[in-house]
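Notes follow once the structure below has been shown.
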Amino acid sequence: MNTKLPLIVSIAAVALVRSTALAADNRFDGIWVGAENVNGQEFRGGSHVPSAIKKSAKIAIAQGGTLVAVVEGYGTGRYVDIQRTGNSIIFRAGQRVGQLSLSPDGQTMFEKGVIPGFIIMNIYQREGALSGHQRSFQSHDIPALAKSTAAVAGTFHREK
């Protein structure tokens, strides 16, 4: 019985230290809402022009930053390749890479990353005078876009 006691105490101590470390760093956990800005190439007829699109976004983070899901915005879905580095979370899925950094007060989160296979097309229609609107595409929409990429940046606040 005495030989088992040190083993049980050791296992309990490791479990306690591990659970305390995970629980102590849940600063990222929550629902984050904000906007993403995507800077990519816009195609107007035969020319390529730098362009940007702003879109509302929502990111859910749980379990001490080990679960990340983009609920709304660019690159929606759950990310399983996640790495914690100091005050940042880096998430990946294929060539989609993002970094989420927390402000010192923990109330603002900043995103920067890359979206593969992304372009913006300006589609014009004639209605008396020329007017147009932008439409964005990703490589799953048009396979020929797989080599294009766009930078994404966002600012988020905790959902109330």
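Letters for chains follow the order of the structure tokens (A, B, ...), residue numbers begin at 1 for each chain, and ligand numbers begin at 1 in the order shown.
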
- Excluding region 67-72 of chain A and any residue of its chain fewer than 2 positions from it, enumerate the residues within 10 Å of it, using only C-alpha atoms, and give them as a VMD selection string. chain A and resid 28 to 36 55 to 65 74 to 82 89 to 91

Serialized selection, C-alpha atoms, as a short mmCIF file (atom, residue, chain, number, x, y, z; two decimals), in the first residue's frame:
```cif
data_model
loop_
_atom_site.label_atom_id
_atom_site.label_comp_id
_atom_site.auth_asym_id
_atom_site.auth_seq_id
_atom_site.Cartn_x
_atom_site.Cartn_y
_atom_site.Cartn_z
CA PHE A 28 -9.06 34.11 -25.57
CA ASP A 29 -12.17 32.08 -24.76
CA GLY A 30 -15.48 33.57 -25.89
CA ILE A 31 -17.34 34.84 -28.92
CA TRP A 32 -15.54 37.65 -30.76
CA VAL A 33 -17.33 39.95 -33.23
CA GLY A 34 -15.84 42.52 -35.55
CA ALA A 35 -14.82 43.10 -39.14
CA GLU A 36 -12.25 41.63 -41.49
CA LYS A 55 -16.88 42.10 -44.09
CA SER A 56 -18.41 41.46 -40.67
CA ALA A 57 -16.97 38.45 -38.90
CA LYS A 58 -17.42 36.27 -35.81
CA ILE A 59 -14.84 33.96 -34.23
CA ALA A 60 -15.55 31.47 -31.43
CA ILE A 61 -12.71 30.32 -29.16
CA ALA A 62 -12.99 27.76 -26.35
CA GLN A 63 -11.06 25.35 -24.11
CA GLY A 64 -8.18 27.69 -23.35
CA GLY A 65 -7.65 28.62 -27.00
CA TYR A 74 -13.56 34.56 -44.54
CA GLY A 75 -12.45 30.95 -44.11
CA THR A 76 -15.43 29.75 -42.08
CA GLY A 77 -15.13 26.47 -40.25
CA ARG A 78 -13.43 24.83 -37.30
CA TYR A 79 -9.65 24.84 -37.20
CA VAL A 80 -7.77 21.91 -35.66
CA ASP A 81 -4.17 22.93 -36.41
CA ILE A 82 -3.75 25.47 -33.58
CA ILE A 89 -3.00 31.89 -31.40
CA ILE A 90 -1.92 30.70 -34.84
CA PHE A 91 -4.46 28.60 -36.76
#
```

Nearest to Glu111 (chain A), restricted to only C-alpha atoms and choosing among A:Gly154, A:Gly94, A:Gly86, A:Pro50, comes out as A:Gly154

Of A:Ile115, A:Ile53, A:Val38, A:Ala150, the one nearest to Gly98 (chain A) when counting only C-alpha atoms is A:Ile115

If you count only C-alpha atoms, the residue of A:Gln107, A:Ser88, A:Asn37, A:Ser101 closest to Val152 (chain A) turns out to be A:Asn37

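The shortest atom-to-atom distance to Asn26 (chain A), with only C-alpha atoms taken into account, belongs to A:Asn87 out of A:Ser51, A:Asn87, A:Thr149, A:Arg96.
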